[in-house]
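A.B. asks: My file is coords20.cif. It has mmCIF, C-alpha atoms and all ligand atoms:
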data_work
#
loop_
_atom_site.label_atom_id
_atom_site.label_comp_id
_atom_site.auth_asym_id
_atom_site.auth_seq_id
_atom_site.Cartn_x
_atom_site.Cartn_y
_atom_site.Cartn_z
CA MET A 1 78.70 53.74 12.03
CA CYS A 2 77.88 56.87 13.91
CA SER A 3 75.51 58.18 11.25
CA ASP A 4 73.90 54.73 11.01
CA SER A 5 73.01 54.67 14.64
CA ARG A 6 71.63 58.22 14.50
CA HIS A 7 69.51 57.21 11.55
CA THR A 8 68.16 54.20 13.43
CA THR A 9 67.26 56.32 16.44
CA GLY A 10 65.52 58.84 14.17
CA GLU A 11 63.46 56.08 12.57
CA PHE A 12 62.51 54.76 15.99
CA VAL A 13 61.35 58.16 17.16
CA ARG A 14 59.41 58.81 13.98
CA GLU A 15 57.70 55.40 14.19
CA ALA A 16 56.76 56.02 17.80
CA VAL A 17 55.38 59.48 17.08
CA ARG A 18 53.16 58.46 14.20
CA LYS A 19 52.05 55.21 15.85
CA PRO A 20 48.28 55.53 15.59
CA PHE A 21 48.52 56.83 12.00
CA ILE A 22 49.37 55.39 8.59
CA VAL A 23 49.56 58.90 7.20
CA ASP A 24 50.55 61.31 9.94
CA ARG A 25 47.53 63.17 11.40
CA LEU A 26 45.47 62.28 8.32
CA VAL A 27 44.71 58.54 8.23
CA TYR A 28 44.61 56.26 11.29
CA GLY A 29 46.08 52.75 11.43
CA HIS A 30 42.60 51.28 10.89
CA GLN A 31 42.16 53.24 7.62
CA ILE A 32 39.86 55.92 9.02
CA TYR A 33 40.43 59.55 8.00
CA VAL A 34 40.76 61.90 10.95
CA SER A 35 38.20 64.15 9.23
CA GLU A 36 35.55 61.39 9.31
CA ILE A 37 35.47 61.34 13.09
CA THR A 38 32.94 63.31 15.08
CA GLY A 39 32.99 64.09 18.81
CA ASP A 40 35.99 64.27 21.11
CA LYS A 41 37.70 62.11 23.70
CA GLN A 42 35.45 63.33 26.50
CA GLU A 43 32.13 62.58 24.86
CA GLY A 44 33.34 59.43 23.09
CA VAL A 45 34.77 59.52 19.60
CA ARG A 46 32.80 57.98 16.76
CA LEU A 47 32.04 58.03 13.09
CA ALA A 48 28.65 59.45 12.24
CA GLY A 49 26.31 56.43 11.99
CA GLY A 50 28.72 54.04 13.71
CA PHE A 51 31.72 52.08 12.47
CA LEU A 52 29.93 49.20 10.74
CA GLU A 53 27.56 51.50 8.85
CA SER A 54 30.40 53.75 7.69
CA GLY A 55 32.54 51.25 5.77
CA ILE A 56 31.72 49.86 2.34
CA TRP A 57 32.55 46.27 3.28
CA THR A 58 31.48 46.35 6.89
CA GLU A 59 28.14 47.86 5.93
CA LYS A 60 27.52 45.14 3.32
CA PHE A 61 28.47 42.45 5.79
CA ALA A 62 26.43 43.96 8.63
CA ARG A 63 23.35 44.01 6.41
CA THR A 64 23.61 40.27 5.79
CA VAL A 65 23.48 39.90 9.57
CA TYR A 66 20.75 42.49 10.29
CA ASP A 67 18.56 41.23 7.49
CA LYS A 68 18.11 37.83 9.10
CA PRO A 69 14.72 37.76 10.84
CA GLN A 70 15.39 38.65 14.46
CA PRO A 71 13.24 37.90 17.50
CA GLU A 72 11.37 41.02 18.73
CA PHE A 73 12.97 43.09 16.02
CA TYR A 74 10.83 44.27 13.18
CA PRO A 75 11.97 47.65 11.85
CA PRO A 76 9.53 49.55 9.64
CA THR A 77 10.21 48.78 5.99
CA GLY A 78 12.68 51.06 4.30
CA GLU A 79 14.18 52.42 7.49
CA TRP A 80 17.34 50.32 7.43
CA TYR A 81 19.30 53.03 5.79
CA GLN A 82 18.15 55.92 7.96
CA HIS A 83 18.47 54.45 11.44
CA PRO A 84 21.33 52.61 13.06
CA VAL A 85 20.19 49.15 14.08
CA ASN A 86 19.83 48.45 17.80
CA LEU A 87 22.55 45.83 18.18
CA ASN A 88 21.32 44.91 21.66
CA GLN A 89 18.24 43.32 20.10
CA LEU A 90 20.16 40.98 17.80
CA ASP A 91 20.57 37.32 18.72
CA PRO A 92 23.87 36.22 20.34
CA GLU A 93 25.18 34.54 17.18
CA SER A 94 24.65 37.73 15.13
CA ARG A 95 26.28 39.85 17.83
CA LEU A 96 29.38 37.63 17.76
CA ALA A 97 29.52 37.84 13.95
CA LEU A 98 29.40 41.65 14.11
CA GLY A 99 31.95 41.66 16.95
CA GLN A 100 34.31 39.65 14.79
CA ALA A 101 33.82 42.07 11.87
CA LEU A 102 34.55 45.00 14.19
CA PHE A 103 37.73 43.28 15.34
CA MET A 104 38.84 42.56 11.77
CA TYR A 105 38.32 46.13 10.59
CA HIS A 106 39.02 48.22 13.68
CA CYS A 107 41.80 46.26 15.43
CA ASN A 108 43.28 43.65 13.11
CA ASN A 109 45.51 46.09 11.19
CA CYS A 110 47.66 46.15 14.32
CA HIS A 111 46.65 43.11 16.39
CA ALA A 112 46.46 39.39 15.67
CA LEU A 113 43.63 37.63 17.52
CA ASP A 114 45.10 34.91 19.72
CA HIS A 115 48.53 34.07 18.27
CA GLY A 116 51.19 36.11 16.54
CA TYR A 117 51.87 39.81 16.25
CA SER A 118 50.62 41.83 19.21
CA ALA A 119 47.90 39.22 19.77
CA ILE A 120 44.97 40.71 21.63
CA ALA A 121 43.39 37.74 23.44
CA PRO A 122 46.40 37.10 25.75
CA MET A 123 46.34 40.80 26.76
CA LEU A 124 42.80 40.32 28.03
CA VAL A 125 43.24 37.21 30.22
CA ASP A 126 40.19 36.86 32.47
CA ALA A 127 38.95 40.40 31.69
CA SER A 128 35.18 40.82 32.00
CA LYS A 129 33.02 42.01 29.14
CA GLU A 130 32.46 45.31 30.98
CA THR A 131 36.21 45.90 31.48
CA ILE A 132 36.90 45.16 27.82
CA ALA A 133 34.07 47.45 26.68
CA ALA A 134 35.38 50.30 28.85
CA LYS A 135 38.86 49.82 27.40
CA ILE A 136 37.47 49.89 23.85
CA ARG A 137 35.45 53.06 24.42
CA SER A 138 38.59 54.91 25.50
CA LEU A 139 41.06 53.12 23.23
CA ASN A 140 43.49 56.01 22.88
CA VAL A 141 43.24 57.20 26.49
CA PRO A 142 45.90 57.05 27.86
CA ALA A 143 47.31 54.81 25.08
CA PHE A 144 48.37 57.46 22.55
CA PHE A 145 49.68 54.72 20.24
CA MET A 146 46.17 53.50 19.42
CA PRO A 147 43.63 55.33 17.27
CA PRO A 148 40.45 56.55 18.98
CA TRP A 149 37.41 54.28 19.14
CA CYS A 150 35.27 55.07 16.11
CA GLY A 151 32.17 53.03 16.85
CA THR A 152 29.04 53.56 18.91
CA ASP A 153 28.68 52.35 22.50
CA SER A 154 26.63 49.35 21.41
CA GLU A 155 29.29 48.45 18.84
CA ALA A 156 31.84 48.58 21.70
CA ASP A 157 29.63 46.15 23.65
CA VAL A 158 29.37 43.78 20.69
CA LEU A 159 33.15 43.83 20.12
CA ALA A 160 33.71 43.30 23.87
CA GLU A 161 31.39 40.28 23.79
CA TYR A 162 33.38 38.79 20.92
CA LEU A 163 36.76 39.44 22.58
CA GLU A 164 35.47 38.05 25.88
CA SER A 165 34.51 34.86 24.02
CA VAL A 166 38.05 34.35 22.64
CA ARG A 167 40.27 35.55 25.50
CA PRO A 168 41.96 32.91 27.69
CA LYS A 169 40.49 32.14 31.12
CA LEU A 170 42.50 31.46 34.27
CA PRO A 171 43.93 29.01 35.28
CA LEU A 172 45.75 28.86 31.93
C1 LIG A 201 47.23 51.60 14.85
C2 LIG A 201 47.47 50.37 15.53
C3 LIG A 201 46.47 49.85 16.53
C4 LIG A 201 45.10 49.64 16.38
C5 LIG A 201 44.26 49.89 15.13
C6 LIG A 201 44.65 49.05 17.61
N1 LIG A 201 45.69 48.91 18.50
FE1 LIG A 201 45.60 48.13 20.37
N2 LIG A 201 47.58 48.45 20.63
C7 LIG A 201 48.43 48.99 19.67
C8 LIG A 201 49.79 49.03 20.21
C9 LIG A 201 51.03 49.53 19.46
C10 LIG A 201 49.71 48.52 21.53
C11 LIG A 201 50.87 48.40 22.52
C12 LIG A 201 51.06 47.06 23.09
C13 LIG A 201 51.53 45.97 22.15
O1 LIG A 201 51.33 45.99 20.92
O2 LIG A 201 52.08 45.02 22.65
C14 LIG A 201 48.31 48.16 21.76
C15 LIG A 201 47.81 47.61 22.95
C16 LIG A 201 46.53 47.17 23.17
C17 LIG A 201 46.03 46.56 24.39
C18 LIG A 201 46.83 46.28 25.65
C19 LIG A 201 47.21 47.54 26.37
C20 LIG A 201 46.07 48.22 27.01
O3 LIG A 201 45.99 49.47 26.89
O4 LIG A 201 45.23 47.54 27.66
C21 LIG A 201 44.70 46.27 24.18
C22 LIG A 201 43.73 45.62 25.18
C23 LIG A 201 44.38 46.71 22.84
N3 LIG A 201 45.50 47.24 22.25
C24 LIG A 201 43.13 46.59 22.26
C25 LIG A 201 42.80 47.06 20.98
C26 LIG A 201 41.46 46.93 20.41
C27 LIG A 201 40.26 46.26 21.08
C28 LIG A 201 41.53 47.50 19.17
C29 LIG A 201 40.42 47.66 18.17
C30 LIG A 201 39.19 48.29 18.63
C31 LIG A 201 42.90 48.00 18.98
N4 LIG A 201 43.62 47.70 20.10
C32 LIG A 201 43.34 48.66 17.85
C33 LIG A 201 48.08 49.41 18.42
C34 LIG A 201 46.82 49.39 17.87
#
The structure in this file should be written as structure tokens.
Ligand code: HEC
C.D. replies:
Amino acid sequence: MCSDSRHTTGEFVREAVRKPFIVDRLVYGHQIYVSEITGDKQEGVRLAGGFLESGIWTEKFARTVYDKPQPEFYPPTGEWYQHPVNLNQLDPESRLALGQALFMYHCNNCHALDHGYSAIAPMLVDASKETIAAKIRSLNVPAFFMPPWCGTDSEADVLAEYLESVRPKLPL
């Protein structure tokens, strides 16, 4: 009995300590290697090139969205792969699609959307897009149990727009 309860407490402590990681201090809960991240908490933590551009699947998906003809958005041919796309110039529908992809790959390992395990929408009742974006940009400050934000500022805005569109509004 006694040893059982000690074991349980030990497990609890270990789980709590490694919370943002799948592999302690090596791989975060959203599958990003610590070594892939540039910058620090003060200047904003990100993957070189942004989160969408850095993942095999997210990059493929993002390109299906970017490659639609966009109003006022005509990048020089061949520059897709050298320059991050300005997400602010995409149409609202494309921004929501990218926001959803960011949620699926950066948050969904740990959070359901609106129902179920640690659902995110109910935690953001009535929050403005700006409040949500600020929270995203400093995801692990002071919340040590979450990994750092690994996207660019405009990716944070796009994710915030998506979350703002799904969160409940008062009165409930
Ligand atoms: C490695 C797991 C993990 C990932 C990935 C993660 N979170 Fe969390 N998050 C948690 C845990 C654990 C809590 C604690 C609260 C709970 O689950 O009820 C939390 C709480 C929150 C809260 C409420 C508390 C607060 O600080 O405001 C918000 C909002 C939130 N997460 C947003 C996000 C967003 C947005 C993403 C993706 C960009 C994300 N989280 C990714 C684990 C994670």
A.B. asks: List all protein, DNA and RNA residues that have at least one atom no more than 10 Å from any atom of ligand LIG 201 (chain A), counting only C-alpha atoms and all ligand atoms, and write them as a ChimeraX atom specification.
C.D. replies: /A:16,18-22,27-32,99,102-113,117-125,127,131-133,135-151,155-156,159-160,163
A.B. asks: Would you kindly identify which residues have an atom no farther than 7 Å from (37.7, 34.2, 29.2), using only C-alpha atoms and the file's own coordinates, and write them out as a list in words?
C.D. replies: Val125, Asp126, Ala127, Glu164, Ser165, Val166, Arg167, Pro168 and Lys169 of chain A
A.B. asks: Work out how far CA of Leu52 in chain A is from CA of Arg25 in chain A, in Å to one decimal.
C.D. replies: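 Between CA of Arg25 in chain A and CA of Leu52 in chain A the gap works out to 22.5 Å.
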A.B. asks: Please provide the set of residues having any atom within 12 Å of range 62-64 of chain A, restricted to all atoms listed in the file, with same-chain residues fewer than 6 positions apart removed, written as a list in words.
C.D. replies: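 Residues near the query, excluding close chain neighbours: Gly50, Phe51, Leu52, Glu53, Ser54, Gly55, Ile56, Trp80, Tyr81, Pro84, Val85, Leu87, Leu90, Ser94, Arg95, Leu96, Ala97, Leu98, Gly99, Gln100, Ala101, Leu102 and Glu155 of chain A.
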A.B. asks: Can you report as AutoDock Vina command-line options the centre and edge lengths in Å, to one decimal, of an axis-aligned box around the listed atoms of range 24-37 of chain A padded with 6 Å on each side?
C.D. replies:
--center_x 43.0 --center_y 57.7 --center_z 10.4 --size_x 27.1 --size_y 24.9 --size_z 17.5
A.B. asks: Quick check, in Å to one decimal: how far apart do CA of Ser35 in chain A and CA of Thr58 in chain A lie?
C.D. replies: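 For CA of Ser35 in chain A relative to CA of Thr58 in chain A, the distance reads 19.2 Å.
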A.B. asks: Using CA of Glu59 in chain A and CA of Leu47 in chain A as the two end points, give the distance in Å to one decimal.
C.D. replies: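 Those two atoms sit 13.0 Å apart.
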A.B. asks: Under the rule that all atoms listed in the file are counted, which of A:Pro171, A:Tyr162, A:Asp157, A:Tyr66 is the nearest residue to Ala134 in chain A?
C.D. replies: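 Of A:Pro171, A:Tyr162, A:Asp157, A:Tyr66, the one nearest Ala134 in chain A, counting all atoms listed in the file, is A:Asp157.
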